[in-house]
Structures are given as C-alpha cells and as structure tokens.
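Worksheet: the structure to be examined is printed underneath.
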Amino acid sequence: MSSFPSLLRLAAAFLTATLLSQCTSAVVTADEVIVSVKDQRLGLYEKGMLKKRYKISTSKFGLGTDLGSCKTPLGRHEIVSKIGDGLPAGAVLKGREWNGEVLSPNAPGRDPVVSRILWLRGKETTNQNTFDRLIYIHGTPEERNLGRPVSYGCVRMGMQDVISVFGEVPAGTPVLITQNGLGRRSSELDPGTEQDDRNAAQ
C-alpha cells in the first residue's frame, strides 16, 4: 500500500510535464499561404481550407518581375527565411537587422520594414529572381493604407498581423501570389487562368 501514493505522485508529475510541453511548443498550423492581389488579402490555409484572412498591400506599381520595377511578382513561391523572431511589434528592421527603434502604427513620415520578415523565393521560371529582388512579406507602420496596393513590391501587413503569421508558418511553406480572389478552399483557384494572368503581367 505504501507504494500507491508514490505511483500517484509519479503519474501526476508525468501529466504535468506533458501538459507543459504542449503549452510551450510552437503552434504551427498553416501549410499554405495565398496572397490575393484582387482582394488585397492574405489567407492562411490548413489542409486546403481557409483558416485566417489578413488585410495586406501589394505594389502600387502593379505586377511583374523585372529588376528595379518595384512590382509584386505573381506565381508560386516559398518562405526561405524568417527574420525578427522575438522582436517587439513595430521594431524597425534595417538591412534585415533591428536598429533598436520601435514605431507605433501610422507613425508620421515613416515607412520602414517593421516587426517581422518572411523572405520569399520564386519557384517558377517567371519569378525566379524574387529572392534577389528582396521581396518579403513584412510588417508596415502605414496600417491606414492596408487594403490598397501601395507597396514597392513586397507584401505588407499590419505590425501585429505579420507576427501572427510568422508564428504559424515555418520556413518552406508554399506561398501563392495570385490575381484571383481568396476562396474558402485553396483548390478553388483556377491554375489555368492564373498562368494566363501571370504571363500577361510580365
């Protein structure tokens, strides 16, 4: 009988350790990102189903892949680097490093990259220079302009929104930038139409 309390204590310790490990592990649930130029929204998809939507901004110069064009590239990409983990919302990333400054939303006269960077690499011949063009999904202090195409090629998000997305997608996550609208299912996009639109945007 004397061993029974010991077994209970051992079981309780095991249960506590299990619960703590689950609480402290990173929650990464999205397996696909779709950026809709039409909707000016970014969607996180899990197993093909739309999970979350965020307001974004693509380029005010339109769509394309030419060097120096400041246009947003269409097509299939992947996240190859995540920068800014643990930094406060509004942390200014200059040259992909925090310069110690933190901005508030809509800080007057300021338009740097803030909070987090998700660096993209193109997966198609039409957008293979995306990485070299420094095309990111990143935070912006100009949150009042989200929902309209106002960027210089990157996909801009709100300061807190990009932190949320950063925490849900690992490096290697596929990203599709499309002229079509977001659907409840990622399979609702028409690849044939998308290819035609992408060719027309070059």
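A note on labels: chains of the structure tokens are A, B, ... as shown, every chain counts residues from 1, and ligands are counted from 1 in their shown order.
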
Handout entry: Residues within 12 Å of Arg110 of chain A, only C-alpha atoms, excluding chain neighbours under 5 positions, as JSON, numbers by chain
Key = {"A": [90, 92, 101, 102, 103, 104, 105, 140, 141, 142, 143]}

Print the selection's residues with C-alpha atoms to a file, as a short mmCIF file (atom, residue, chain, number, x, y, z; two decimals), in the first residue's frame.
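What follows is the written file part-v1.cif:
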data_model
loop_
_atom_site.label_atom_id
_atom_site.label_comp_id
_atom_site.auth_asym_id
_atom_site.auth_seq_id
_atom_site.Cartn_x
_atom_site.Cartn_y
_atom_site.Cartn_z
CA GLY A 90 7.00 47.88 -34.68
CA VAL A 92 12.46 48.67 -37.34
CA GLU A 101 13.94 51.61 -32.89
CA VAL A 102 10.27 50.73 -32.31
CA LEU A 103 7.47 52.55 -34.14
CA SER A 104 3.79 52.88 -33.37
CA PRO A 105 1.14 52.18 -36.04
CA THR A 140 4.48 48.16 -42.08
CA PRO A 141 3.75 51.13 -39.83
CA GLU A 142 1.43 52.51 -42.54
CA GLU A 143 -1.51 50.41 -41.40
#

Please, which residues in segment 171-191 of chain A fall within 7 Å of segment 31-53 of chain A when counting only C-alpha atoms, and what is the closest atom pair and distance in Å to one decimal for each, ordered by chain then residue number, as a Markdown table?
| residue | atom | partner | partner_atom | distance |
| --- | --- | --- | --- | --- |
| A:Thr173 | CA | A:Glu32 | CA | 6.0 |
| A:Pro174 | CA | A:Glu32 | CA | 5.3 |
| A:Val175 | CA | A:Val33 | CA | 4.6 |
| A:Leu176 | CA | A:Ile34 | CA | 4.7 |
| A:Ile177 | CA | A:Val35 | CA | 4.6 |
| A:Thr178 | CA | A:Ser36 | CA | 5.2 |
| A:Gln179 | CA | A:Val37 | CA | 4.9 |
| A:Asn180 | CA | A:Lys38 | CA | 5.8 |
| A:Gly181 | CA | A:Ser36 | CA | 5.4 |
| A:Leu182 | CA | A:Ser36 | CA | 6.0 |
| A:Arg184 | CA | A:Leu50 | CA | 5.0 |
| A:Arg185 | CA | A:Met49 | CA | 4.6 |
| A:Ser186 | CA | A:Gly48 | CA | 5.1 |
| A:Ser187 | CA | A:Gly48 | CA | 6.8 |

Expected file: the selected residues, N, CA and C atoms, as a PDB file, in the first residue's frame:
ATOM      1  N   THR A 173       7.222  26.916 -46.221  1.00  0.00           N
ATOM      2  CA  THR A 173       5.792  26.988 -46.520  1.00  0.00           C
ATOM      3  C   THR A 173       5.562  27.582 -47.906  1.00  0.00           C
ATOM      4  N   PRO A 174       4.738  26.942 -48.744  1.00  0.00           N
ATOM      5  CA  PRO A 174       4.453  27.497 -50.073  1.00  0.00           C
ATOM      6  C   PRO A 174       3.591  28.758 -49.989  1.00  0.00           C
ATOM      7  N   VAL A 175       3.886  29.706 -50.861  1.00  0.00           N
ATOM      8  CA  VAL A 175       3.138  30.969 -50.951  1.00  0.00           C
ATOM      9  C   VAL A 175       2.744  31.184 -52.406  1.00  0.00           C
ATOM     10  N   LEU A 176       1.449  31.350 -52.646  1.00  0.00           N
ATOM     11  CA  LEU A 176       0.963  31.675 -53.983  1.00  0.00           C
ATOM     12  C   LEU A 176       0.495  33.119 -54.008  1.00  0.00           C
ATOM     13  N   ILE A 177       1.053  33.911 -54.922  1.00  0.00           N
ATOM     14  CA  ILE A 177       0.588  35.287 -55.139  1.00  0.00           C
ATOM     15  C   ILE A 177      -0.239  35.272 -56.412  1.00  0.00           C
ATOM     16  N   THR A 178      -1.509  35.621 -56.291  1.00  0.00           N
ATOM     17  CA  THR A 178      -2.455  35.453 -57.385  1.00  0.00           C
ATOM     18  C   THR A 178      -3.285  36.701 -57.614  1.00  0.00           C
ATOM     19  N   GLN A 179      -3.740  36.868 -58.858  1.00  0.00           N
ATOM     20  CA  GLN A 179      -4.682  37.948 -59.157  1.00  0.00           C
ATOM     21  C   GLN A 179      -6.110  37.570 -58.786  1.00  0.00           C
ATOM     22  N   ASN A 180      -6.353  36.298 -58.547  1.00  0.00           N
ATOM     23  CA  ASN A 180      -7.689  35.836 -58.195  1.00  0.00           C
ATOM     24  C   ASN A 180      -8.015  36.165 -56.743  1.00  0.00           C
ATOM     25  N   GLY A 181      -9.305  36.068 -56.410  1.00  0.00           N
ATOM     26  CA  GLY A 181      -9.730  36.285 -55.040  1.00  0.00           C
ATOM     27  C   GLY A 181      -9.486  35.051 -54.188  1.00  0.00           C
ATOM     28  N   LEU A 182      -9.471  35.244 -52.872  1.00  0.00           N
ATOM     29  CA  LEU A 182      -9.338  34.117 -51.962  1.00  0.00           C
ATOM     30  C   LEU A 182     -10.610  33.283 -51.980  1.00  0.00           C
ATOM     31  N   ARG A 184     -12.680  29.786 -50.071  1.00  0.00           N
ATOM     32  CA  ARG A 184     -12.716  29.045 -48.819  1.00  0.00           C
ATOM     33  C   ARG A 184     -11.791  27.836 -48.876  1.00  0.00           C
ATOM     34  N   ARG A 185     -11.555  27.341 -50.087  1.00  0.00           N
ATOM     35  CA  ARG A 185     -10.616  26.241 -50.306  1.00  0.00           C
ATOM     36  C   ARG A 185      -9.535  26.708 -51.279  1.00  0.00           C
ATOM     37  N   SER A 186      -8.312  26.306 -51.026  1.00  0.00           N
ATOM     38  CA  SER A 186      -7.225  26.706 -51.923  1.00  0.00           C
ATOM     39  C   SER A 186      -7.405  26.104 -53.308  1.00  0.00           C
ATOM     40  N   SER A 187      -8.108  24.995 -53.407  1.00  0.00           N
ATOM     41  CA  SER A 187      -8.327  24.342 -54.697  1.00  0.00           C
ATOM     42  C   SER A 187      -9.312  25.092 -55.578  1.00  0.00           C
TER      43      SER A 187
END

Surrounding residues of Trp98 of chain A excluding itself and chain neighbours under 3 positions, 12 Å, only C-alpha atoms, as a PDB file with N, CA and C atoms, in the first residue's frame:
ATOM      1  N   ILE A  83      12.785  36.273 -40.279  1.00  0.00           N
ATOM      2  CA  ILE A  83      13.663  37.216 -39.590  1.00  0.00           C
ATOM      3  C   ILE A  83      12.858  38.061 -38.611  1.00  0.00           C
ATOM      4  N   GLY A  84      13.394  38.218 -37.401  1.00  0.00           N
ATOM      5  CA  GLY A  84      12.776  39.096 -36.414  1.00  0.00           C
ATOM      6  C   GLY A  84      12.116  38.387 -35.259  1.00  0.00           C
ATOM      7  N   ASP A  85      12.325  37.095 -35.119  1.00  0.00           N
ATOM      8  CA  ASP A  85      11.680  36.341 -34.053  1.00  0.00           C
ATOM      9  C   ASP A  85      11.972  36.951 -32.684  1.00  0.00           C
ATOM     10  N   GLY A  86      10.903  37.196 -31.925  1.00  0.00           N
ATOM     11  CA  GLY A  86      11.050  37.724 -30.574  1.00  0.00           C
ATOM     12  C   GLY A  86      11.118  39.231 -30.465  1.00  0.00           C
ATOM     13  N   LEU A  87      11.221  39.938 -31.580  1.00  0.00           N
ATOM     14  CA  LEU A  87      11.281  41.403 -31.529  1.00  0.00           C
ATOM     15  C   LEU A  87       9.897  41.983 -31.239  1.00  0.00           C
ATOM     16  N   PRO A  88       9.841  43.170 -30.640  1.00  0.00           N
ATOM     17  CA  PRO A  88       8.538  43.784 -30.368  1.00  0.00           C
ATOM     18  C   PRO A  88       7.845  44.231 -31.651  1.00  0.00           C
ATOM     19  N   ALA A  89       6.542  44.325 -31.611  1.00  0.00           N
ATOM     20  CA  ALA A  89       5.786  44.851 -32.745  1.00  0.00           C
ATOM     21  C   ALA A  89       6.250  46.274 -33.028  1.00  0.00           C
ATOM     22  N   GLY A  90       6.532  46.557 -34.297  1.00  0.00           N
ATOM     23  CA  GLY A  90       6.998  47.880 -34.681  1.00  0.00           C
ATOM     24  C   GLY A  90       8.499  48.034 -34.679  1.00  0.00           C
ATOM     25  N   ALA A  91       9.239  46.958 -34.334  1.00  0.00           N
ATOM     26  CA  ALA A  91      10.705  47.022 -34.377  1.00  0.00           C
ATOM     27  C   ALA A  91      11.169  47.279 -35.806  1.00  0.00           C
ATOM     28  N   VAL A  92      12.011  48.276 -36.001  1.00  0.00           N
ATOM     29  CA  VAL A  92      12.463  48.669 -37.336  1.00  0.00           C
ATOM     30  C   VAL A  92      13.604  47.757 -37.781  1.00  0.00           C
ATOM     31  N   LEU A  93      13.399  47.095 -38.915  1.00  0.00           N
ATOM     32  CA  LEU A  93      14.400  46.169 -39.468  1.00  0.00           C
ATOM     33  C   LEU A  93      15.084  46.841 -40.659  1.00  0.00           C
ATOM     34  N   LYS A  94      16.285  47.305 -40.435  1.00  0.00           N
ATOM     35  CA  LYS A  94      17.056  47.959 -41.482  1.00  0.00           C
ATOM     36  C   LYS A  94      18.142  46.997 -41.926  1.00  0.00           C
ATOM     37  N   GLY A  95      18.156  46.652 -43.220  1.00  0.00           N
ATOM     38  CA  GLY A  95      19.085  45.641 -43.690  1.00  0.00           C
ATOM     39  C   GLY A  95      18.842  44.302 -43.024  1.00  0.00           C
ATOM     40  N   GLU A 101      15.093  50.716 -32.881  1.00  0.00           N
ATOM     41  CA  GLU A 101      13.944  51.610 -32.894  1.00  0.00           C
ATOM     42  C   GLU A 101      12.641  50.814 -32.954  1.00  0.00           C
ATOM     43  N   VAL A 102      11.604  51.332 -32.282  1.00  0.00           N
ATOM     44  CA  VAL A 102      10.269  50.729 -32.309  1.00  0.00           C
ATOM     45  C   VAL A 102       9.261  51.819 -32.660  1.00  0.00           C
ATOM     46  N   LEU A 103       8.464  51.576 -33.698  1.00  0.00           N
ATOM     47  CA  LEU A 103       7.471  52.551 -34.144  1.00  0.00           C
ATOM     48  C   LEU A 103       6.066  52.130 -33.733  1.00  0.00           C
ATOM     49  N   PRO A 112       9.341  52.262 -42.909  1.00  0.00           N
ATOM     50  CA  PRO A 112      10.336  51.185 -42.987  1.00  0.00           C
ATOM     51  C   PRO A 112       9.689  49.803 -42.875  1.00  0.00           C
ATOM     52  N   VAL A 113      10.501  48.778 -43.012  1.00  0.00           N
ATOM     53  CA  VAL A 113      10.095  47.403 -42.728  1.00  0.00           C
ATOM     54  C   VAL A 113      10.104  47.224 -41.212  1.00  0.00           C
ATOM     55  N   VAL A 114       9.024  46.676 -40.656  1.00  0.00           N
ATOM     56  CA  VAL A 114       8.947  46.521 -39.199  1.00  0.00           C
ATOM     57  C   VAL A 114       8.440  45.132 -38.810  1.00  0.00           C
ATOM     58  N   SER A 115       8.678  44.788 -37.564  1.00  0.00           N
ATOM     59  CA  SER A 115       8.148  43.620 -36.842  1.00  0.00           C
ATOM     60  C   SER A 115       8.770  42.296 -37.273  1.00  0.00           C
ATOM     61  N   ARG A 116       8.476  41.848 -38.509  1.00  0.00           N
ATOM     62  CA  ARG A 116       8.939  40.547 -38.981  1.00  0.00           C
ATOM     63  C   ARG A 116       9.150  40.585 -40.495  1.00  0.00           C
ATOM     64  N   ILE A 117      10.006  39.668 -40.972  1.00  0.00           N
ATOM     65  CA  ILE A 117      10.228  39.470 -42.405  1.00  0.00           C
ATOM     66  C   ILE A 117      10.068  37.997 -42.723  1.00  0.00           C
TER      67      ILE A 117
END

Practice task
Enumerate the residues of segment 9-163 of chain A with a DSSP assignment of strand (DSSP E), computed from the backbone, and present them as number ranges by chain.
Solution key: A: 32-36, 41-46, 49-57, 75-83, 91-94, 97-102, 114-122, 136-139, 155-157

Exercise for the section: Using only C-alpha atoms, determine which residues lie at most 10 Å from Asn129 of chain A, disregarding the query and same-chain residues fewer than 6 positions distant; provide the list as a PyMOL selection string. Expected result: chain A and resi 65-67+73+120-123+135

Keeping only N, CA and C atoms, write the selected residues to a file as an mmCIF file, in the first residue's frame.
data_model
loop_
_atom_site.group_PDB
_atom_site.id
_atom_site.type_symbol
_atom_site.label_atom_id
_atom_site.label_comp_id
_atom_site.auth_asym_id
_atom_site.auth_seq_id
_atom_site.Cartn_x
_atom_site.Cartn_y
_atom_site.Cartn_z
ATOM 1 N N THR A 65 8.043 41.123 -62.698
ATOM 2 C CA THR A 65 9.256 40.539 -62.124
ATOM 3 C C THR A 65 10.547 41.229 -62.567
ATOM 4 N N ASP A 66 10.444 42.303 -63.323
ATOM 5 C CA ASP A 66 11.657 42.972 -63.809
ATOM 6 C C ASP A 66 12.455 43.556 -62.648
ATOM 7 N N LEU A 67 13.767 43.447 -62.700
ATOM 8 C CA LEU A 67 14.629 44.051 -61.694
ATOM 9 C C LEU A 67 14.436 45.559 -61.676
ATOM 10 N N PRO A 73 5.655 40.192 -57.687
ATOM 11 C CA PRO A 73 5.679 39.034 -58.590
ATOM 12 C C PRO A 73 4.526 38.071 -58.313
ATOM 13 N N LEU A 120 10.817 35.649 -49.461
ATOM 14 C CA LEU A 120 10.277 34.734 -50.461
ATOM 15 C C LEU A 120 11.295 34.378 -51.543
ATOM 16 N N ARG A 121 11.158 33.167 -52.062
ATOM 17 C CA ARG A 121 11.924 32.725 -53.225
ATOM 18 C C ARG A 121 10.955 32.180 -54.265
ATOM 19 N N GLY A 122 11.092 32.622 -55.508
ATOM 20 C CA GLY A 122 10.224 32.159 -56.579
ATOM 21 C C GLY A 122 10.495 30.709 -56.944
ATOM 22 N N LYS A 123 9.429 29.998 -57.298
ATOM 23 C CA LYS A 123 9.537 28.580 -57.641
ATOM 24 C C LYS A 123 9.303 28.328 -59.126
ATOM 25 N N ILE A 135 12.040 40.454 -52.156
ATOM 26 C CA ILE A 135 10.586 40.501 -51.986
ATOM 27 C C ILE A 135 10.224 39.755 -50.712
#

Hey, which bits of segment 18-99 of chain A sit within 6 Å of segment 148-157 of chain A, and for each residue what's the closest pair of atoms and how far apart in Å (one decimal), counting only C-alpha atoms, rows by chain and increasing number, as a tab-separated table?
residue	atom	partner	partner_atom	distance
A:Ile56	CA	A:Met157	CA	4.9
A:Ser57	CA	A:Pro149	CA	4.8
A:Thr58	CA	A:Pro149	CA	4.6
A:Ser59	CA	A:Ser151	CA	4.2
A:Lys60	CA	A:Val150	CA	4.3
A:Cys70	CA	A:Gly153	CA	4.6
A:Lys71	CA	A:Gly153	CA	4.4
A:Thr72	CA	A:Gly153	CA	4.3

Handout entry: Residue nearest Thr130 of chain A among A:Glu168, A:Glu78, A:Glu188, A:Asp111 (counting only C-alpha atoms)
Key = A:Glu78

Problem - Straight-line distance linking atom CA of Gly172 of chain A with atom CA of Asn99 of chain A, stated in Å to one decimal - result: 27.0 Å

Problem - DSSP helix (DSSP H, G or I) residues within segment 1-190 of chain A, as an MDAnalysis selection string - result: chainID A and resid 3:24 125:127 143:145 159:168 186:188

Produce a file of the selected residues containing C-alpha atoms, as a PDB file, in the first residue's frame.
ATOM      1  CA  SER A   3       3.863   2.415  -2.935  1.00  0.00           C
ATOM      2  CA  PHE A   4       0.432   3.642  -4.102  1.00  0.00           C
ATOM      3  CA  PRO A   5       0.970   7.346  -3.133  1.00  0.00           C
ATOM      4  CA  SER A   6       4.321   7.222  -4.913  1.00  0.00           C
ATOM      5  CA  LEU A   7       2.677   5.952  -8.073  1.00  0.00           C
ATOM      6  CA  LEU A   8       0.080   8.714  -7.844  1.00  0.00           C
ATOM      7  CA  ARG A   9       2.787  11.359  -7.467  1.00  0.00           C
ATOM      8  CA  LEU A  10       4.700   9.888 -10.422  1.00  0.00           C
ATOM      9  CA  ALA A  11       1.573   9.888 -12.605  1.00  0.00           C
ATOM     10  CA  ALA A  12       0.776  13.476 -11.616  1.00  0.00           C
ATOM     11  CA  ALA A  13       4.314  14.610 -12.435  1.00  0.00           C
ATOM     12  CA  PHE A  14       4.172  12.898 -15.824  1.00  0.00           C
ATOM     13  CA  LEU A  15       0.823  14.520 -16.630  1.00  0.00           C
ATOM     14  CA  THR A  16       2.097  17.956 -15.601  1.00  0.00           C
ATOM     15  CA  ALA A  17       5.241  17.589 -17.722  1.00  0.00           C
ATOM     16  CA  THR A  18       3.171  16.504 -20.715  1.00  0.00           C
ATOM     17  CA  LEU A  19       0.820  19.471 -20.404  1.00  0.00           C
ATOM     18  CA  LEU A  20       3.700  21.923 -20.007  1.00  0.00           C
ATOM     19  CA  SER A  21       5.487  20.564 -23.071  1.00  0.00           C
ATOM     20  CA  GLN A  22       2.324  21.031 -25.109  1.00  0.00           C
ATOM     21  CA  CYS A  23       1.892  24.601 -23.877  1.00  0.00           C
ATOM     22  CA  THR A  24       5.449  25.636 -24.649  1.00  0.00           C
ATOM     23  CA  THR A 125      10.909  30.471 -64.276  1.00  0.00           C
ATOM     24  CA  THR A 126       8.784  33.619 -64.397  1.00  0.00           C
ATOM     25  CA  ASN A 127       9.570  34.649 -60.807  1.00  0.00           C
ATOM     26  CA  GLU A 143      -1.509  50.408 -41.398  1.00  0.00           C
ATOM     27  CA  ARG A 144      -4.014  53.038 -42.553  1.00  0.00           C
ATOM     28  CA  ASN A 145      -3.102  52.173 -46.162  1.00  0.00           C
ATOM     29  CA  MET A 159       2.519  45.116 -37.291  1.00  0.00           C
ATOM     30  CA  GLN A 160       0.715  42.528 -35.171  1.00  0.00           C
ATOM     31  CA  ASP A 161      -0.725  40.582 -38.113  1.00  0.00           C
ATOM     32  CA  VAL A 162       2.694  39.728 -39.533  1.00  0.00           C
ATOM     33  CA  ILE A 163       3.778  38.491 -36.096  1.00  0.00           C
ATOM     34  CA  SER A 164       0.745  36.209 -36.032  1.00  0.00           C
ATOM     35  CA  VAL A 165       1.509  34.801 -39.487  1.00  0.00           C
ATOM     36  CA  PHE A 166       5.222  34.476 -38.603  1.00  0.00           C
ATOM     37  CA  GLY A 167       4.265  32.215 -35.711  1.00  0.00           C
ATOM     38  CA  GLU A 168       2.065  29.943 -37.795  1.00  0.00           C
ATOM     39  CA  SER A 186      -7.225  26.706 -51.923  1.00  0.00           C
ATOM     40  CA  SER A 187      -8.327  24.342 -54.697  1.00  0.00           C
ATOM     41  CA  GLU A 188     -10.951  26.864 -55.826  1.00  0.00           C
TER      42      GLU A 188
END

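Of note, atom CA of Ala171 of chain A and atom CA of Leu118 of chain A are spaced 8.4 Å apart.
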
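A straight line drawn from atom CA of Gly64 of chain A to atom CA of Gly183 of chain A is 23.2 Å long.
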